[in-house]
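The file protein-v7.cif comes next; it holds mmCIF, C-alpha atoms.
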```cif
data_upload
loop_
_atom_site.label_atom_id
_atom_site.label_comp_id
_atom_site.auth_asym_id
_atom_site.auth_seq_id
_atom_site.Cartn_x
_atom_site.Cartn_y
_atom_site.Cartn_z
CA MET L 1 95.64 126.65 100.37
CA ALA L 2 98.36 125.72 102.79
CA ARG L 3 98.72 122.06 103.48
CA LYS L 4 97.73 120.80 106.89
CA LYS L 5 100.60 119.35 108.83
CA ALA L 6 101.04 116.77 111.54
CA GLU L 7 104.09 116.68 113.72
CA THR L 8 105.85 113.48 114.63
CA THR L 9 108.90 113.37 116.87
CA ALA L 10 111.92 111.21 116.14
CA GLY L 11 114.92 112.44 118.03
CA GLY L 12 113.42 115.91 118.13
CA ALA L 13 112.98 116.14 114.36
CA GLU L 14 109.81 117.37 112.68
CA ALA L 15 108.25 115.54 109.71
CA ASN L 16 105.75 117.02 107.29
CA THR L 17 103.13 114.47 106.33
CA GLY L 18 102.48 116.24 103.02
CA SER L 19 98.85 115.13 102.96
CA ASP L 20 95.40 116.51 103.65
CA LEU L 21 94.58 113.38 105.60
CA THR L 22 95.55 115.08 108.84
CA VAL L 23 93.28 117.52 110.57
CA ASP L 24 93.69 120.01 113.39
CA THR L 25 91.69 118.88 116.40
CA SER L 26 92.55 121.94 118.46
CA ALA L 27 89.27 123.49 117.29
CA SER L 28 87.31 120.85 119.20
CA THR L 29 86.14 122.51 122.43
CA ASN L 30 83.61 122.03 125.20
CA GLY L 31 84.59 118.38 125.51
CA VAL L 32 83.10 117.44 122.14
CA ALA L 33 84.31 113.99 121.12
CA VAL L 34 86.43 113.84 117.96
CA PRO L 35 85.37 111.15 115.45
CA ALA L 36 87.81 108.27 115.01
CA ASP L 37 88.41 109.10 111.34
CA ALA L 38 89.28 112.69 112.27
CA ILE L 39 92.19 111.80 114.53
CA PRO L 40 95.45 113.10 112.97
CA LEU L 41 97.60 110.42 111.42
CA THR L 42 101.24 110.50 112.42
CA PHE L 43 104.02 108.52 110.78
CA GLU L 44 107.46 107.47 111.91
CA PRO L 45 110.23 108.59 109.51
CA ILE L 46 111.41 105.73 107.27
CA GLN L 47 114.56 105.84 105.14
CA ILE L 48 115.78 103.05 102.85
CA ASN L 49 118.09 102.45 99.91
CA ASN L 50 115.97 103.73 97.03
CA TYR L 51 118.15 101.89 94.49
CA ASN L 52 116.93 98.52 95.79
CA LEU L 53 113.59 97.56 94.21
CA THR L 54 112.97 94.85 96.78
CA ASP L 55 113.36 97.33 99.64
CA LEU L 56 111.10 99.82 97.87
CA LYS L 57 108.31 97.30 97.37
CA ASN L 58 108.59 95.76 100.84
CA THR L 59 108.50 99.20 102.46
CA LEU L 60 105.33 100.17 100.58
CA ASP L 61 103.80 96.75 101.35
CA ASP L 62 104.38 97.36 105.07
CA ALA L 63 102.88 100.84 104.78
CA LEU L 64 99.89 99.32 102.96
CA LYS L 65 99.28 96.90 105.83
CA ARG L 66 99.46 99.70 108.39
CA CYS L 67 96.98 101.75 106.35
CA LEU L 68 94.40 99.00 105.85
CA ALA L 69 94.69 97.49 109.35
CA ARG L 70 93.82 100.70 111.20
CA PRO L 71 91.24 100.31 114.01
CA ASP L 72 88.63 102.16 111.92
CA CYS L 73 89.35 100.08 108.83
CA TYR L 74 89.70 96.29 108.42
CA SER L 75 90.78 93.48 110.74
CA GLN L 76 93.69 91.65 109.16
CA ILE L 77 93.40 87.93 108.43
CA HIS L 78 96.72 86.11 108.87
CA MET L 79 95.73 82.88 107.13
CA HIS L 80 98.56 82.94 104.55
CA THR L 81 101.16 83.70 107.22
CA ASP L 82 99.82 80.94 109.47
CA VAL L 83 99.95 78.36 106.67
CA ARG L 84 103.50 79.31 105.70
CA LEU L 85 104.66 79.23 109.32
CA GLY L 86 102.92 75.91 109.94
CA LEU L 87 104.54 74.23 106.94
CA GLY L 88 107.91 75.77 107.76
CA TRP L 89 107.87 74.65 111.39
CA ALA L 90 106.73 71.18 110.39
CA ALA L 91 109.67 70.89 107.97
CA VAL L 92 112.10 72.10 110.65
CA LEU L 93 110.79 69.58 113.20
CA VAL L 94 111.06 66.75 110.69
CA ALA L 95 114.65 67.75 109.88
CA ALA L 96 115.55 67.96 113.57
CA ALA L 97 113.95 64.59 114.34
CA THR L 98 115.72 62.99 111.37
CA GLY L 99 119.07 64.37 112.43
CA LEU L 100 118.61 63.21 116.01
CA TYR L 101 117.51 59.75 114.85
CA SER L 102 120.55 59.33 112.58
CA TRP L 103 122.82 60.44 115.43
CA LYS L 104 121.36 57.99 117.93
CA ILE L 105 121.08 54.99 115.56
CA SER L 106 123.83 53.45 113.48
CA PHE L 107 124.00 54.27 109.77
CA GLN L 108 122.90 50.85 108.58
CA GLU L 109 119.87 50.76 110.88
CA SER L 110 118.81 54.38 110.31
CA ARG L 111 118.92 54.45 106.51
CA LEU L 112 115.20 53.84 106.05
CA GLY L 113 114.21 56.35 108.72
CA VAL L 114 116.55 58.98 107.31
CA PHE L 115 115.20 58.37 103.80
CA ILE L 116 111.64 58.85 105.04
CA GLY L 117 112.61 61.97 107.00
CA VAL L 118 114.41 63.57 104.04
CA THR L 119 111.53 62.74 101.73
CA LEU L 120 108.99 64.23 104.13
CA TYR L 121 111.12 67.36 104.57
CA ALA L 122 111.39 67.82 100.81
CA LEU L 123 107.64 67.27 100.44
CA LEU L 124 106.75 69.86 103.09
CA SER L 125 109.17 72.39 101.59
CA THR L 126 107.70 71.82 98.13
CA ILE L 127 104.15 72.29 99.43
CA GLN L 128 105.21 75.51 101.15
CA MET L 129 106.79 76.90 97.98
CA GLY L 130 103.78 75.85 95.92
CA TYR L 131 101.41 77.55 98.36
CA ILE L 132 103.42 80.78 98.26
CA TYR L 133 103.60 80.80 94.46
CA PHE L 134 100.16 79.49 93.44
CA VAL L 135 97.87 80.41 96.36
CA GLU L 136 99.30 83.44 98.14
CA GLY L 137 100.89 84.96 95.06
CA ASN L 138 101.25 88.74 95.29
CA THR L 139 98.76 89.06 98.15
CA VAL L 140 99.89 91.60 100.72
CA PHE L 141 96.78 92.09 102.87
CA VAL L 142 93.56 90.20 103.55
CA GLY L 143 91.04 91.74 105.89
CA LYS L 144 87.39 91.81 106.81
CA ARG L 145 84.87 93.72 108.89
CA LYS L 146 81.24 93.16 109.77
CA THR L 147 78.46 95.67 109.13
CA LEU L 148 74.78 95.69 110.03
CA ASP L 149 72.28 96.59 107.30
CA LYS L 150 69.03 94.77 108.13
CA ARG L 151 71.26 91.72 108.52
CA ILE L 152 74.86 90.99 109.40
CA GLN L 153 77.08 91.49 106.38
CA THR L 154 80.81 90.91 105.96
CA GLU L 155 83.10 93.10 103.90
CA ARG L 156 86.23 91.31 102.71
CA LEU L 157 89.20 93.12 101.23
CA THR L 158 92.22 91.63 99.46
CA ALA L 159 95.14 93.79 98.35
CA SER L 160 97.98 92.55 96.15
CA SER L 161 100.97 94.37 94.74
CA LYS L 162 103.81 93.93 92.29
CA THR L 163 106.53 95.94 90.61
CA SER L 164 105.64 96.81 87.02
CA ARG L 165 107.81 98.25 84.28
CA PRO L 166 105.58 100.30 81.96
CA LYS L 167 106.66 100.70 78.36
CA PRO L 168 106.83 104.22 76.89
CA GLN L 169 104.85 103.22 73.82
CA SER L 170 101.98 101.79 75.90
CA PRO L 171 99.11 103.98 77.16
CA ALA L 172 100.24 106.05 80.12
CA PRO L 173 98.87 105.04 83.55
CA SER L 174 96.12 107.16 85.08
CA SER L 175 98.60 108.70 87.48
CA ALA L 176 101.11 109.79 84.82
CA PRO L 177 102.07 113.47 85.07
CA THR L 178 101.12 115.82 82.26
CA LEU L 179 104.57 117.43 82.14
CA PRO L 180 107.54 115.62 80.54
CA LEU L 181 108.59 112.67 82.65
CA SER L 182 112.15 113.98 82.87
CA THR L 183 110.78 116.86 84.94
CA PHE L 184 109.66 114.41 87.66
CA TYR L 185 111.96 111.43 87.11
CA PRO L 186 115.47 112.40 85.97
CA ARG L 187 116.23 108.86 84.76
CA ALA L 188 113.18 108.76 82.49
CA THR L 189 113.87 108.82 78.78
CA SER L 190 111.90 108.24 75.60
CA THR L 191 112.76 104.54 75.81
CA TYR L 192 112.75 103.99 79.58
CA LEU L 193 110.23 104.56 82.36
CA PRO L 194 111.10 103.99 86.04
CA PRO L 195 109.55 100.98 87.83
CA HIS L 196 106.04 101.44 89.21
CA TYR L 197 104.24 100.07 92.26
CA HIS L 198 101.12 98.32 90.93
CA LEU L 199 98.32 97.88 93.48
CA THR L 200 95.16 95.80 93.06
CA ILE L 201 92.32 95.89 95.60
CA ASN L 202 89.47 93.37 95.53
CA TYR L 203 86.32 94.07 97.52
CA ALA L 204 83.46 91.68 98.29
CA LEU L 205 80.33 92.12 100.40
CA THR L 206 78.72 88.89 101.56
CA ALA L 207 76.01 87.69 103.92
CA SER L 208 75.05 84.41 105.59
CA SER L 209 78.63 83.79 106.77
CA GLY L 210 80.05 84.32 103.30
CA LYS L 211 77.63 82.01 101.49
CA ALA L 212 75.70 84.78 99.72
CA LEU L 213 77.65 87.25 97.57
CA ILE L 214 75.89 90.62 97.49
CA ARG L 215 78.37 92.57 95.37
CA ALA L 216 82.03 92.64 94.43
CA ASN L 217 84.40 95.07 92.78
CA LYS L 218 88.05 95.55 91.90
CA VAL L 219 90.27 98.58 91.30
CA GLU L 220 93.83 98.79 90.01
CA ASP L 221 96.30 101.63 89.82
CA GLU L 222 100.03 102.16 89.77
CA ARG L 223 102.42 104.91 90.75
CA CYS L 224 106.12 105.40 90.22
CA TYR L 225 108.21 104.67 93.30
CA ALA L 226 109.62 108.18 92.96
CA ASP L 227 106.15 109.51 93.87
CA PHE L 228 106.61 108.22 97.43
CA PHE L 229 110.40 108.33 97.98
CA ASP L 230 112.72 111.31 97.71
CA SER L 231 116.30 111.24 96.44
CA LYS L 232 117.56 110.21 99.89
CA GLY L 233 115.16 107.28 100.23
CA ASN L 234 112.76 108.94 102.70
CA LEU L 235 109.20 107.61 102.47
CA ASP L 236 106.34 110.10 102.24
CA GLU L 237 103.90 107.75 103.95
CA ALA L 238 101.12 110.33 104.20
CA ARG L 239 101.11 110.68 100.43
CA PHE L 240 101.03 106.91 100.02
CA VAL L 241 98.17 106.58 102.51
CA ALA L 242 96.22 109.28 100.65
CA TRP L 243 96.59 107.31 97.41
CA VAL L 244 95.56 104.01 99.02
CA SER L 245 92.62 105.67 100.81
CA ALA L 246 91.37 107.10 97.51
CA MET L 247 91.49 103.64 95.92
CA LEU L 248 89.77 102.13 98.96
CA GLU L 249 86.98 104.69 98.83
CA LYS L 250 86.54 104.06 95.12
CA VAL L 251 86.32 100.28 95.39
CA GLU L 252 83.85 100.47 98.29
CA ASP L 253 81.63 103.13 96.68
CA GLU L 254 81.54 101.42 93.29
CA GLY L 255 80.82 98.10 94.97
CA LYS L 256 77.89 99.60 96.86
CA SER L 257 76.48 101.22 93.72
CA GLN L 258 76.18 97.92 91.90
#
```
Take the structure I supplied and represent it as structure tokens, if you would.
Amino acid sequence: MARKKAETTAGGAEANTGSDLTVDTSASTNGVAVPADAIPLTFEPIQINNYNLTDLKNTLDDALKRCLARPDCYSQIHMHTDVRLGLGWAAVLVAAATGLYSWKISFQESRLGVFIGVTLYALLSTIQMGYIYFVEGNTVFVGKRKTLDKRIQTERLTASSKTSRPKPQSPAPSSAPTLPLSTFYPRATSTYLPPHYHLTINYALTASSGKALIRANKVEDERCYADFFDSKGNLDEARFVAWVSAMLEKVEDEGKSQ
């Protein structure tokens, strides 16, 4: 079966989405409305340095946010970003105020104020780093949406990611190809496997403004970065979205079956 294609223009170039997520709406006639989830997905071409692991992960993290924050999906919660920005701006204001104070007042008279300002700046910076490391961690996306099933319920989704380095002697991930790895990943050997993008999605359904937990579930999976980037560093975002959508459907369906 031929793959369905969606066209996206970028300087007159055509991009193949490479995914069955897109559909042809030209068959809709007589003014029949097309469902929101049937609207073709189009993606802007993205090219990066595929030898930089940080760029690879950040690019997939951005694509993950775009996938999960679609209008028909979840509303993103920016709590972690707001906390980091708040602590960062507070530290900057303290540093600016301390510098201005030491410039206006003589050294002998400003020593105590400068000491307090430096201490407060260091404290705020430490709290910010601690929050990023211990609270936010690998979290990429936090979102929620409300549903009505006899009562108002809230679905909350948390997605986190990291770069993993699977060992050849360990059990192969669920997405490992059946053919020799060298067929797909030229750098793969019997003692080396390329880095993988490890994605974890947590799902929770609650009621009574989050006080009553109805059900919860978690799914994990990982794919090699080469599954989503070609040799030139072009991202196949449609393929990535198809993978994320399959995990999302799984975590929601298994959560509802509990």
Item checked: Resolved residues for the PyMOL selection byres ((chain L and resi 198-204) around 7) as a VMD selection string -> chain L and resid 155 to 164 196 to 197 205 to 206 215 to 223 251 to 252
With a distance cut-off of 10 Å and only C-alpha atoms, select the neighbouring residues of Val114 of chain L, excluding the residue or stretch itself and same-chain residues fewer than 3 positions from it, and output the selection as a PDB file with C-alpha atoms, in the coordinates of the input.
```pdb
ATOM      1  CA  ALA L  95     114.650  67.750 109.880  1.00  0.00           C
ATOM      2  CA  ALA L  97     113.950  64.590 114.340  1.00  0.00           C
ATOM      3  CA  THR L  98     115.720  62.990 111.370  1.00  0.00           C
ATOM      4  CA  GLY L  99     119.070  64.370 112.430  1.00  0.00           C
ATOM      5  CA  LEU L 100     118.610  63.210 116.010  1.00  0.00           C
ATOM      6  CA  TYR L 101     117.510  59.750 114.850  1.00  0.00           C
ATOM      7  CA  SER L 102     120.550  59.330 112.580  1.00  0.00           C
ATOM      8  CA  PHE L 107     124.000  54.270 109.770  1.00  0.00           C
ATOM      9  CA  GLU L 109     119.870  50.760 110.880  1.00  0.00           C
ATOM     10  CA  SER L 110     118.810  54.380 110.310  1.00  0.00           C
ATOM     11  CA  ARG L 111     118.920  54.450 106.510  1.00  0.00           C
ATOM     12  CA  GLY L 117     112.610  61.970 107.000  1.00  0.00           C
ATOM     13  CA  VAL L 118     114.410  63.570 104.040  1.00  0.00           C
ATOM     14  CA  THR L 119     111.530  62.740 101.730  1.00  0.00           C
ATOM     15  CA  LEU L 120     108.990  64.230 104.130  1.00  0.00           C
TER      16      LEU L 120
END
```
Excluding segment 69-81 of chain L and residues on its chain fewer than 6 positions from it, collect all residues at most 10 Å away from it, counting all atoms listed in the file, and give them as a compact mmCIF listing (two decimals) with C-alpha atoms, in the coordinates of the input.
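Result file follows (around.txt):
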```txt
# COMPACT_ATOMS: atom_id res chain seq x y z
CA ALA L 36 87.81 108.27 115.01
CA ASP L 37 88.41 109.10 111.34
CA ALA L 63 102.88 100.84 104.78
CA TYR L 131 101.41 77.55 98.36
CA ILE L 132 103.42 80.78 98.26
CA VAL L 135 97.87 80.41 96.36
CA GLU L 136 99.30 83.44 98.14
CA GLY L 137 100.89 84.96 95.06
CA THR L 139 98.76 89.06 98.15
CA VAL L 140 99.89 91.60 100.72
CA PHE L 141 96.78 92.09 102.87
CA VAL L 142 93.56 90.20 103.55
CA GLY L 143 91.04 91.74 105.89
CA LYS L 144 87.39 91.81 106.81
CA ARG L 145 84.87 93.72 108.89
CA LYS L 146 81.24 93.16 109.77
CA GLU L 155 83.10 93.10 103.90
CA ARG L 156 86.23 91.31 102.71
CA LEU L 157 89.20 93.12 101.23
CA THR L 158 92.22 91.63 99.46
```
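Relative to atom CA of Ala207 of chain L, atom CA of Leu148 of chain L is found at 10.1 Å.
With all atoms listed in the file taken into account, every residue lying no more than 9 Å from the file point (114.7, 101.4, 95.1) is included here: L:Ile48, L:Asn49, L:Asn50, L:Tyr51, L:Asn52, L:Leu53, L:Thr54, L:Asp55, L:Leu56, L:Lys57, L:Pro195, L:Tyr225, L:Ala226, L:Phe229, L:Gly233.
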Margin query: Using Å and a single decimal, report how far atom CA of Arg66 of chain L sits from atom CA of Asp227 of chain L.
Written below: 18.8 Å
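In this model, the gap between atom CA of Pro194 of chain L and atom CA of Thr59 of chain L comes to 17.3 Å.
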Step by step, work through what the PyMOL selection byres ((chain L and resi 244) around 10) selects in the shown file, and finish by giving those residues as a PDB file with C-alpha atoms, keeping the file's coordinate frame.
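Written out: selection_7.pdb:
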```pdb
ATOM      1  CA  ALA L  63     102.880 100.840 104.780  1.00  0.00           C
ATOM      2  CA  LEU L  64      99.890  99.320 102.960  1.00  0.00           C
ATOM      3  CA  CYS L  67      96.980 101.750 106.350  1.00  0.00           C
ATOM      4  CA  LEU L  68      94.400  99.000 105.850  1.00  0.00           C
ATOM      5  CA  LEU L 199      98.320  97.880  93.480  1.00  0.00           C
ATOM      6  CA  ILE L 201      92.320  95.890  95.600  1.00  0.00           C
ATOM      7  CA  ASP L 221      96.300 101.630  89.820  1.00  0.00           C
ATOM      8  CA  ALA L 238     101.120 110.330 104.200  1.00  0.00           C
ATOM      9  CA  ARG L 239     101.110 110.680 100.430  1.00  0.00           C
ATOM     10  CA  PHE L 240     101.030 106.910 100.020  1.00  0.00           C
ATOM     11  CA  VAL L 241      98.170 106.580 102.510  1.00  0.00           C
ATOM     12  CA  ALA L 242      96.220 109.280 100.650  1.00  0.00           C
ATOM     13  CA  TRP L 243      96.590 107.310  97.410  1.00  0.00           C
ATOM     14  CA  SER L 245      92.620 105.670 100.810  1.00  0.00           C
ATOM     15  CA  ALA L 246      91.370 107.100  97.510  1.00  0.00           C
ATOM     16  CA  MET L 247      91.490 103.640  95.920  1.00  0.00           C
ATOM     17  CA  LEU L 248      89.770 102.130  98.960  1.00  0.00           C
ATOM     18  CA  GLU L 249      86.980 104.690  98.830  1.00  0.00           C
ATOM     19  CA  LYS L 250      86.540 104.060  95.120  1.00  0.00           C
TER      20      LYS L 250
END
```
Check: Which residue out of L:Gln128, L:Phe228, L:Ser209, L:Gln153 has the minimum interatomic distance to Trp89 of chain L when all atoms listed in the file are used?
Finding: L:Gln128
